[in-house]
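> Input file: final_24.cif. Contents: mmCIF, C-alpha atoms.
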```cif
data_model
#
loop_
_atom_site.label_atom_id
_atom_site.label_comp_id
_atom_site.auth_asym_id
_atom_site.auth_seq_id
_atom_site.Cartn_x
_atom_site.Cartn_y
_atom_site.Cartn_z
CA MET A 1 -48.39 11.03 93.65
CA VAL A 2 -49.19 12.26 97.14
CA VAL A 3 -50.26 15.85 97.50
CA GLN A 4 -49.57 17.31 100.92
CA GLU A 5 -52.03 19.89 102.14
CA HIS A 6 -50.81 22.61 104.45
CA ILE A 7 -53.32 23.94 106.93
CA VAL A 8 -53.05 27.72 107.19
CA LEU A 9 -54.07 29.11 110.54
CA SER A 10 -55.58 32.54 110.91
CA PRO A 11 -53.85 35.08 113.19
CA VAL A 12 -56.51 34.52 115.86
CA GLN A 13 -56.03 30.74 115.71
CA ARG A 14 -52.25 31.12 115.92
CA ARG A 15 -52.60 33.41 118.93
CA HIS A 16 -54.94 30.98 120.70
CA ARG A 17 -52.63 28.07 119.97
CA GLY A 18 -49.67 30.05 121.27
CA GLN A 19 -51.56 30.89 124.47
CA LEU A 20 -52.47 27.23 124.94
CA LEU A 21 -48.86 26.12 124.49
CA ARG A 22 -47.69 28.73 126.99
CA VAL A 23 -50.21 27.48 129.55
CA VAL A 24 -49.07 23.87 129.00
CA ARG A 25 -45.40 24.85 129.42
CA ARG A 26 -45.98 26.99 132.52
CA TYR A 27 -48.39 24.66 134.31
CA PRO A 28 -47.54 21.06 133.37
CA ASN A 29 -48.76 19.73 136.71
CA GLY A 30 -52.11 21.43 136.21
CA VAL A 31 -52.43 19.93 132.73
CA ILE A 32 -51.64 16.46 134.07
CA GLY A 33 -54.16 16.95 136.86
CA GLY A 34 -56.82 18.14 134.43
CA VAL A 35 -56.28 15.16 132.12
CA ILE A 36 -56.58 12.68 135.01
CA VAL A 37 -59.72 14.41 136.30
CA LEU A 38 -61.22 14.26 132.81
CA LEU A 39 -60.42 10.54 132.59
CA VAL A 40 -62.07 9.90 135.96
CA VAL A 41 -65.17 11.81 134.84
CA LEU A 42 -65.34 9.78 131.61
CA ILE A 43 -64.93 6.55 133.59
CA ALA A 44 -67.80 7.58 135.86
CA LEU A 45 -70.05 8.44 132.91
CA PHE A 46 -69.29 5.33 130.87
CA ALA A 47 -68.76 2.79 133.64
CA GLY A 48 -71.36 0.52 132.10
CA LEU A 49 -69.32 0.27 128.89
CA LEU A 50 -66.08 -0.58 130.71
CA THR A 51 -67.37 -3.66 132.52
CA ASN A 52 -70.11 -6.24 132.10
CA GLN A 53 -70.20 -7.00 135.81
CA SER A 54 -72.83 -5.62 138.15
CA PRO A 55 -71.49 -3.63 141.12
CA THR A 56 -74.28 -4.90 143.39
CA ARG A 57 -74.59 -8.55 142.33
CA VAL A 58 -73.84 -10.78 145.32
CA ASP A 59 -72.06 -14.11 144.73
CA PRO A 60 -71.30 -15.77 148.09
CA ALA A 61 -69.64 -18.74 146.38
CA ASN A 62 -66.89 -16.43 145.05
CA ARG A 63 -66.43 -14.18 148.07
CA LEU A 64 -62.88 -12.85 148.62
CA SER A 65 -61.72 -14.32 145.31
CA HIS A 66 -58.26 -13.43 144.07
CA PRO A 67 -57.87 -11.24 140.95
CA SER A 68 -58.59 -13.34 137.86
CA ALA A 69 -59.67 -13.07 134.24
CA GLN A 70 -63.30 -13.00 135.35
CA HIS A 71 -62.77 -10.55 138.21
CA PHE A 72 -59.85 -8.28 137.33
CA PHE A 73 -59.34 -7.03 140.89
CA GLY A 74 -61.00 -9.84 142.77
CA THR A 75 -64.21 -9.83 144.76
CA ASP A 76 -65.20 -8.47 148.15
CA ASN A 77 -66.67 -10.18 151.20
CA PHE A 78 -70.05 -10.55 149.46
CA GLY A 79 -68.62 -11.79 146.18
CA ARG A 80 -69.20 -8.49 144.37
CA ASP A 81 -66.79 -7.55 141.60
CA LEU A 82 -64.34 -4.92 142.91
CA TYR A 83 -63.48 -3.60 139.46
CA ALA A 84 -67.13 -2.84 138.71
CA ARG A 85 -67.71 -1.37 142.17
CA THR A 86 -64.72 0.94 141.78
CA LEU A 87 -65.86 2.16 138.36
CA TYR A 88 -69.42 2.81 139.51
CA GLY A 89 -68.11 4.20 142.79
CA ALA A 90 -66.51 7.02 140.83
CA ARG A 91 -70.01 8.33 140.14
CA THR A 92 -70.88 8.52 143.82
CA SER A 93 -67.57 10.07 144.81
CA LEU A 94 -67.56 12.68 142.03
CA LEU A 95 -71.23 13.51 142.63
CA ALA A 96 -70.46 14.04 146.32
CA GLY A 97 -67.47 16.26 145.51
CA PHE A 98 -69.42 18.36 143.01
CA GLY A 99 -72.41 18.65 145.34
CA VAL A 100 -70.25 19.76 148.28
CA ALA A 101 -68.44 22.35 146.15
CA ALA A 102 -71.69 23.68 144.66
CA LEU A 103 -73.46 23.92 148.02
CA ALA A 104 -70.50 25.51 149.79
CA VAL A 105 -69.90 28.03 147.01
CA ALA A 106 -73.58 28.97 146.65
CA GLY A 107 -74.14 29.38 150.37
CA GLY A 108 -70.78 31.03 150.98
CA VAL A 109 -71.30 33.58 148.20
CA ILE A 110 -74.74 34.56 149.50
CA VAL A 111 -73.54 34.89 153.10
CA GLY A 112 -70.36 36.71 152.08
CA LEU A 113 -72.21 39.20 149.89
CA LEU A 114 -74.79 39.97 152.56
CA ALA A 115 -72.21 40.26 155.35
CA GLY A 116 -69.83 42.42 153.33
CA TYR A 117 -72.36 44.75 151.73
CA TYR A 118 -74.81 45.25 154.60
CA ARG A 119 -72.93 46.19 157.76
CA ARG A 120 -75.87 45.42 160.06
CA LEU A 121 -75.83 41.80 158.89
CA ASP A 122 -72.07 41.43 159.14
CA GLY A 123 -71.89 40.66 162.84
CA PRO A 124 -74.68 38.05 163.13
CA LEU A 125 -73.78 36.19 159.92
CA MET A 126 -70.07 36.00 160.60
CA ARG A 127 -70.61 34.88 164.18
CA ILE A 128 -72.64 31.97 162.80
CA MET A 129 -69.79 31.18 160.40
CA ASP A 130 -67.29 31.38 163.28
CA ALA A 131 -69.44 28.99 165.32
CA ILE A 132 -69.41 26.46 162.49
CA MET A 133 -65.64 26.80 162.09
CA ALA A 134 -65.14 26.32 165.83
CA PHE A 135 -66.16 22.65 165.57
CA PRO A 136 -63.79 20.07 164.09
CA GLY A 137 -65.11 19.58 160.57
CA ILE A 138 -65.31 15.79 160.51
CA VAL A 139 -66.93 15.67 163.97
CA LEU A 140 -69.61 18.18 162.92
CA ALA A 141 -70.21 16.27 159.68
CA ILE A 142 -70.63 12.99 161.58
CA GLY A 143 -73.11 14.70 163.91
CA ILE A 144 -75.18 16.12 161.05
CA VAL A 145 -75.29 12.80 159.18
CA ALA A 146 -76.12 10.91 162.37
CA ALA A 147 -79.00 13.29 163.06
CA THR A 148 -80.40 13.34 159.51
CA GLY A 149 -79.72 9.74 158.48
CA PRO A 150 -77.21 8.02 156.19
CA SER A 151 -77.74 9.10 152.59
CA LEU A 152 -75.70 10.72 149.86
CA PHE A 153 -77.77 13.91 150.06
CA ASN A 154 -77.18 14.23 153.80
CA VAL A 155 -73.45 13.62 153.33
CA ILE A 156 -73.34 16.44 150.75
CA LEU A 157 -75.37 18.67 153.08
CA ALA A 158 -73.08 18.02 156.05
CA LEU A 159 -69.83 18.54 154.15
CA GLY A 160 -71.22 21.58 152.33
CA VAL A 161 -72.24 23.26 155.58
CA ILE A 162 -68.83 22.84 157.20
CA ALA A 163 -67.07 24.16 154.05
CA MET A 164 -69.36 27.17 153.62
CA PRO A 165 -67.62 29.53 156.10
CA ARG A 166 -64.37 29.42 154.13
CA VAL A 167 -66.04 30.73 150.98
CA ALA A 168 -68.10 33.25 152.96
CA ARG A 169 -65.02 34.82 154.57
CA VAL A 170 -63.20 35.10 151.24
CA VAL A 171 -66.19 36.72 149.51
CA ARG A 172 -66.83 39.03 152.47
CA SER A 173 -63.26 40.34 152.42
CA ILE A 174 -63.51 41.11 148.69
CA VAL A 175 -66.88 42.82 149.08
CA LEU A 176 -65.57 45.02 151.91
CA SER A 177 -62.71 46.11 149.66
CA VAL A 178 -64.81 46.71 146.54
CA ARG A 179 -67.72 48.52 148.17
CA ALA A 180 -65.34 51.29 149.28
CA GLN A 181 -64.20 52.00 145.70
CA THR A 182 -65.09 55.23 143.94
CA TYR A 183 -66.98 53.60 141.07
CA VAL A 184 -69.32 51.91 143.55
CA ASP A 185 -70.04 55.27 145.18
CA ALA A 186 -70.67 56.73 141.71
CA ALA A 187 -73.09 53.93 140.85
CA ARG A 188 -74.91 54.48 144.11
CA ALA A 189 -75.03 58.24 143.49
CA ILE A 190 -76.78 57.86 140.12
CA GLY A 191 -79.47 55.70 141.72
CA ALA A 192 -78.30 52.16 140.99
CA SER A 193 -80.01 49.61 143.20
CA ASP A 194 -78.10 47.43 145.63
CA GLY A 195 -78.80 44.36 143.53
CA ARG A 196 -77.42 46.00 140.40
CA ILE A 197 -74.29 47.20 142.22
CA VAL A 198 -73.65 43.74 143.65
CA LEU A 199 -74.18 41.94 140.34
CA ARG A 200 -72.40 44.43 138.06
CA HIS A 201 -69.58 45.77 140.22
CA VAL A 202 -69.01 43.62 143.31
CA LEU A 203 -69.55 40.00 142.33
CA PRO A 204 -67.36 40.02 139.16
CA ASN A 205 -64.34 40.91 141.32
CA ALA A 206 -64.87 37.77 143.39
CA TRP A 207 -65.14 35.22 140.59
CA SER A 208 -61.48 34.22 140.54
CA PRO A 209 -61.25 33.37 144.27
CA ILE A 210 -64.63 31.62 144.07
CA VAL A 211 -63.49 29.38 141.20
CA ILE A 212 -60.25 28.57 143.02
CA GLN A 213 -62.06 27.74 146.26
CA GLY A 214 -64.58 25.62 144.36
CA THR A 215 -61.82 23.49 142.83
CA PHE A 216 -60.23 22.73 146.19
CA LEU A 217 -63.63 22.11 147.79
CA PHE A 218 -64.36 19.58 145.06
CA ALA A 219 -61.30 17.59 146.14
CA GLU A 220 -62.19 17.95 149.82
CA GLY A 221 -65.74 16.80 149.08
CA VAL A 222 -64.48 13.61 147.42
CA LEU A 223 -62.13 12.94 150.33
CA GLY A 224 -64.76 13.89 152.92
CA GLU A 225 -67.33 11.49 151.49
CA ALA A 226 -64.72 8.73 151.48
CA THR A 227 -63.87 9.52 155.12
CA LEU A 228 -67.49 9.41 156.28
CA SER A 229 -68.14 6.22 154.32
CA PHE A 230 -64.99 4.66 155.77
CA LEU A 231 -66.28 5.47 159.26
CA GLY A 232 -69.67 3.95 158.43
CA VAL A 233 -71.75 7.16 158.35
CA GLY A 234 -71.72 7.74 154.60
CA PRO A 235 -74.16 6.63 151.92
CA PRO A 236 -75.85 3.22 152.44
CA PRO A 237 -73.74 0.17 151.53
CA GLU A 238 -75.82 -0.51 148.41
CA PHE A 239 -74.37 2.68 146.91
CA PRO A 240 -70.89 1.76 145.66
CA SER A 241 -68.37 4.43 146.60
CA TRP A 242 -64.65 4.41 147.18
CA GLY A 243 -65.13 5.12 150.87
CA ASN A 244 -67.59 2.25 151.31
CA ILE A 245 -65.23 -0.18 149.58
CA LEU A 246 -62.27 0.91 151.71
CA GLY A 247 -64.39 0.74 154.85
CA GLU A 248 -65.28 -2.88 154.14
CA ALA A 249 -61.71 -3.68 153.03
CA ARG A 250 -60.19 -2.73 156.38
CA LEU A 251 -61.92 -5.72 157.99
CA TYR A 252 -60.29 -8.11 155.53
CA ILE A 253 -56.89 -6.51 155.05
CA ARG A 254 -55.10 -9.73 156.00
CA GLU A 255 -57.31 -12.11 154.05
CA ALA A 256 -57.89 -9.98 150.96
CA PRO A 257 -55.48 -7.02 150.69
CA TRP A 258 -56.48 -6.54 147.04
CA MET A 259 -59.84 -5.14 148.17
CA MET A 260 -58.32 -1.75 148.93
CA LEU A 261 -55.88 -1.57 146.00
CA LEU A 262 -57.97 -0.15 143.15
CA PRO A 263 -60.30 2.16 145.15
CA GLY A 264 -57.34 3.44 147.16
CA VAL A 265 -55.36 4.30 144.03
CA ALA A 266 -58.43 5.87 142.40
CA LEU A 267 -59.15 8.05 145.44
CA THR A 268 -55.53 9.14 145.78
CA LEU A 269 -55.12 10.03 142.10
CA THR A 270 -58.43 11.90 141.94
CA VAL A 271 -57.80 14.06 145.02
CA LEU A 272 -54.19 14.73 144.00
CA SER A 273 -55.23 15.65 140.45
CA LEU A 274 -57.93 18.03 141.66
CA ASN A 275 -55.41 19.77 143.91
CA LEU A 276 -52.89 20.06 141.06
CA LEU A 277 -55.62 21.50 138.86
CA GLY A 278 -56.63 23.93 141.61
CA ASP A 279 -53.03 25.11 142.07
CA ALA A 280 -52.72 25.75 138.33
CA ILE A 281 -56.01 27.66 138.19
CA ARG A 282 -54.94 29.76 141.18
CA ASP A 283 -51.65 30.70 139.51
CA LEU A 284 -53.37 31.31 136.18
CA LEU A 285 -55.96 33.67 137.66
CA ASP A 286 -53.59 35.48 140.03
CA PRO A 287 -52.42 38.70 138.30
CA ARG A 288 -49.32 38.91 140.53
CA VAL A 289 -48.14 35.50 139.34
CA ARG A 290 -48.86 36.39 135.70
CA ARG A 291 -46.81 39.61 135.99
CA ARG A 292 -43.93 37.76 137.62
CA GLU A 293 -43.93 35.02 134.98
CA GLY A 294 -44.48 37.44 132.13
#
```
Any chance you could give the structure as structure tokens?


Amino acid sequence: MVVQEHIVLSPVQRRHRGQLLRVVRRYPNGVIGGVIVLLVVLIALFAGLLTNQSPTRVDPANRLSHPSAQHFFGTDNFGRDLYARTLYGARTSLLAGFGVAALAVAGGVIVGLLAGYYRRLDGPLMRIMDAIMAFPGIVLAIGIVAATGPSLFNVILALGVIAMPRVARVVRSIVLSVRAQTYVDAARAIGASDGRIVLRHVLPNAWSPIVIQGTFLFAEGVLGEATLSFLGVGPPPEFPSWGNILGEARLYIREAPWMMLLPGVALTLTVLSLNLLGDAIRDLLDPRVRRREG
């Protein structure tokens, strides 16, 4: 005799489950994007468990080998396994994207807060941001990497610097709006310090746009690193990354078109998924969209 047990959910659990189901129904593209991003992160973390091949082992005897049981997606011009290089390359690409987003958000928030709250700093700081935005982003990034040397850190630094003005302008506009509110004047009247006002009253109003910008900058960081690596000014070749693999594959597109298949698909899916996730987060955090959908 089989006894069926019925799980009874509390009112709070039922409410949370209902909210989760509503989010899934309203933002299916965002859910799909989030699942794919999570899978890519897991692949990057556990790449060593998904293949027994080394991403850096050179085997000249098997260079440009076709996909086979030993090499699922073939080998490159040095005989390195493309499947292993793509899996391990996810680490480099995701690390670059996260580093670019973190640097741009951190620097942009600081500059935006200072420029928006202190009027005497507004002009000089924003003119610097305008000067950075005046240069084509990829050209400025190539110049910074060429001057500092090819390394993953320098790639993150270059891409983070060119993305910083976007965050700074968003934060500045919010600070200018919030600092004119009555409750900020009241806090200042009772003797609250500038630091307390910024942390307790100004910065919380900017979190939603900051999170949204960070998500899109993550995707742009992944794509930017791939672009610089493709052009030959990214991380050194011994660091497997999707951009490095595609950069080498372009020289052998006729002889070995399979070289660009897996890294190209991985890069496309990752950037697309991050943008879908960013769109869903933007709609979820935008009160105007919530009122319209509610």

> Between A:Val155, A:Leu203, A:Ile245, A:Ala84, which residue has the minimum interatomic distance to Ser177 of chain A, considering all atoms listed in the file?

A:Leu203

> Could you tell me how far atom CA of Gly97 of chain A sits from atom CA of Ala147 of chain A, in Å to one decimal place?

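So the answer is 21.2 Å.
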
> Give the answer as one residue: which of A:Thr227, A:Ser54, A:Asn244, A:Thr215 has the shortest atom-to-atom distance to Leu276 of chain A, using only C-alpha atoms?

A:Thr215

> Between A:Leu45, A:Thr270, A:Ala189, A:Val105, single out the one closest to Leu159 of chain A, counting all atoms listed in the file.

A:Val105

> Interatomic distance between atom CA of Ala90 of chain A and atom CA of Pro60 of chain A?

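For atom CA of Ala90 of chain A relative to atom CA of Pro60 of chain A, the distance reads 24.4 Å.
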
> Once the PyMOL selection byres ((chain A and resi 229) around 10) is applied to the coordinates I shared, what remains selected? I want it as a VMD selection string.

chain A and resid 150 152 155 223 to 228 230 to 237 241 to 248

> Quick one: residues within 10 Å of (-71.1, 38.7, 152.6) (file frame), counting all atoms listed in the file, please, as a short mmCIF file (atom, residue, chain, number, x, y, z; two decimals) with C-alpha atoms, keeping the file's coordinate frame.


```
data_model
loop_
_atom_site.label_atom_id
_atom_site.label_comp_id
_atom_site.auth_asym_id
_atom_site.auth_seq_id
_atom_site.Cartn_x
_atom_site.Cartn_y
_atom_site.Cartn_z
CA GLY A 108 -70.78 31.03 150.98
CA VAL A 109 -71.30 33.58 148.20
CA ILE A 110 -74.74 34.56 149.50
CA VAL A 111 -73.54 34.89 153.10
CA GLY A 112 -70.36 36.71 152.08
CA LEU A 113 -72.21 39.20 149.89
CA LEU A 114 -74.79 39.97 152.56
CA ALA A 115 -72.21 40.26 155.35
CA GLY A 116 -69.83 42.42 153.33
CA TYR A 117 -72.36 44.75 151.73
CA TYR A 118 -74.81 45.25 154.60
CA ARG A 119 -72.93 46.19 157.76
CA LEU A 121 -75.83 41.80 158.89
CA ASP A 122 -72.07 41.43 159.14
CA LEU A 125 -73.78 36.19 159.92
CA MET A 126 -70.07 36.00 160.60
CA VAL A 167 -66.04 30.73 150.98
CA ALA A 168 -68.10 33.25 152.96
CA ARG A 169 -65.02 34.82 154.57
CA VAL A 170 -63.20 35.10 151.24
CA VAL A 171 -66.19 36.72 149.51
CA ARG A 172 -66.83 39.03 152.47
CA SER A 173 -63.26 40.34 152.42
CA ILE A 174 -63.51 41.11 148.69
CA VAL A 175 -66.88 42.82 149.08
CA LEU A 176 -65.57 45.02 151.91
#
```

> Where does the PyMOL selection byres ((chain A and resi 133) around 12) land in this file, that is, which residues does it pick, as a PDB file with C-alpha atoms, in the coordinates of the input?


```pdb
ATOM      1  CA  MET A 126     -70.070  36.000 160.600  1.00  0.00           C
ATOM      2  CA  ARG A 127     -70.610  34.880 164.180  1.00  0.00           C
ATOM      3  CA  ILE A 128     -72.640  31.970 162.800  1.00  0.00           C
ATOM      4  CA  MET A 129     -69.790  31.180 160.400  1.00  0.00           C
ATOM      5  CA  ASP A 130     -67.290  31.380 163.280  1.00  0.00           C
ATOM      6  CA  ALA A 131     -69.440  28.990 165.320  1.00  0.00           C
ATOM      7  CA  ILE A 132     -69.410  26.460 162.490  1.00  0.00           C
ATOM      8  CA  ALA A 134     -65.140  26.320 165.830  1.00  0.00           C
ATOM      9  CA  PHE A 135     -66.160  22.650 165.570  1.00  0.00           C
ATOM     10  CA  PRO A 136     -63.790  20.070 164.090  1.00  0.00           C
ATOM     11  CA  GLY A 137     -65.110  19.580 160.570  1.00  0.00           C
ATOM     12  CA  ILE A 138     -65.310  15.790 160.510  1.00  0.00           C
ATOM     13  CA  VAL A 139     -66.930  15.670 163.970  1.00  0.00           C
ATOM     14  CA  LEU A 140     -69.610  18.180 162.920  1.00  0.00           C
ATOM     15  CA  ALA A 141     -70.210  16.270 159.680  1.00  0.00           C
ATOM     16  CA  VAL A 161     -72.240  23.260 155.580  1.00  0.00           C
ATOM     17  CA  ILE A 162     -68.830  22.840 157.200  1.00  0.00           C
ATOM     18  CA  ALA A 163     -67.070  24.160 154.050  1.00  0.00           C
ATOM     19  CA  MET A 164     -69.360  27.170 153.620  1.00  0.00           C
ATOM     20  CA  PRO A 165     -67.620  29.530 156.100  1.00  0.00           C
ATOM     21  CA  ARG A 166     -64.370  29.420 154.130  1.00  0.00           C
ATOM     22  CA  VAL A 167     -66.040  30.730 150.980  1.00  0.00           C
ATOM     23  CA  ALA A 168     -68.100  33.250 152.960  1.00  0.00           C
ATOM     24  CA  ARG A 169     -65.020  34.820 154.570  1.00  0.00           C
TER      25      ARG A 169
END
```

> Just the residues within 10 Å of segment 34-40 of chain A, please, counting only C-alpha atoms, with nothing from its chain fewer than 4 positions along; format it as a list of chain:residue names.

A:Pro28, A:Asn29, A:Gly30, A:Ala44, A:Leu45, A:Phe46, A:Leu87, A:Ala90, A:Arg91, A:Leu94, A:Ala266, A:Leu269, A:Thr270, A:Val271, A:Leu272, A:Ser273, A:Leu274, A:Asn275, A:Leu276, A:Leu277, A:Gly278, A:Ala280

> Would you mind exporting the chosen residues as a PDB file, keeping the file's coordinate frame, restricted to C-alpha atoms?


```
ATOM      1  CA  PRO A  28     -47.540  21.060 133.370  1.00  0.00           C
ATOM      2  CA  ASN A  29     -48.760  19.730 136.710  1.00  0.00           C
ATOM      3  CA  GLY A  30     -52.110  21.430 136.210  1.00  0.00           C
ATOM      4  CA  ALA A  44     -67.800   7.580 135.860  1.00  0.00           C
ATOM      5  CA  LEU A  45     -70.050   8.440 132.910  1.00  0.00           C
ATOM      6  CA  PHE A  46     -69.290   5.330 130.870  1.00  0.00           C
ATOM      7  CA  LEU A  87     -65.860   2.160 138.360  1.00  0.00           C
ATOM      8  CA  ALA A  90     -66.510   7.020 140.830  1.00  0.00           C
ATOM      9  CA  ARG A  91     -70.010   8.330 140.140  1.00  0.00           C
ATOM     10  CA  LEU A  94     -67.560  12.680 142.030  1.00  0.00           C
ATOM     11  CA  ALA A 266     -58.430   5.870 142.400  1.00  0.00           C
ATOM     12  CA  LEU A 269     -55.120  10.030 142.100  1.00  0.00           C
ATOM     13  CA  THR A 270     -58.430  11.900 141.940  1.00  0.00           C
ATOM     14  CA  VAL A 271     -57.800  14.060 145.020  1.00  0.00           C
ATOM     15  CA  LEU A 272     -54.190  14.730 144.000  1.00  0.00           C
ATOM     16  CA  SER A 273     -55.230  15.650 140.450  1.00  0.00           C
ATOM     17  CA  LEU A 274     -57.930  18.030 141.660  1.00  0.00           C
ATOM     18  CA  ASN A 275     -55.410  19.770 143.910  1.00  0.00           C
ATOM     19  CA  LEU A 276     -52.890  20.060 141.060  1.00  0.00           C
ATOM     20  CA  LEU A 277     -55.620  21.500 138.860  1.00  0.00           C
ATOM     21  CA  GLY A 278     -56.630  23.930 141.610  1.00  0.00           C
ATOM     22  CA  ALA A 280     -52.720  25.750 138.330  1.00  0.00           C
TER      23      ALA A 280
END
```

> Nearest to Ala219 of chain A among A:Tyr27, A:Phe72, A:Phe239, A:Phe98, with distances taken over all atoms listed in the file: which residue is it?

A:Phe98
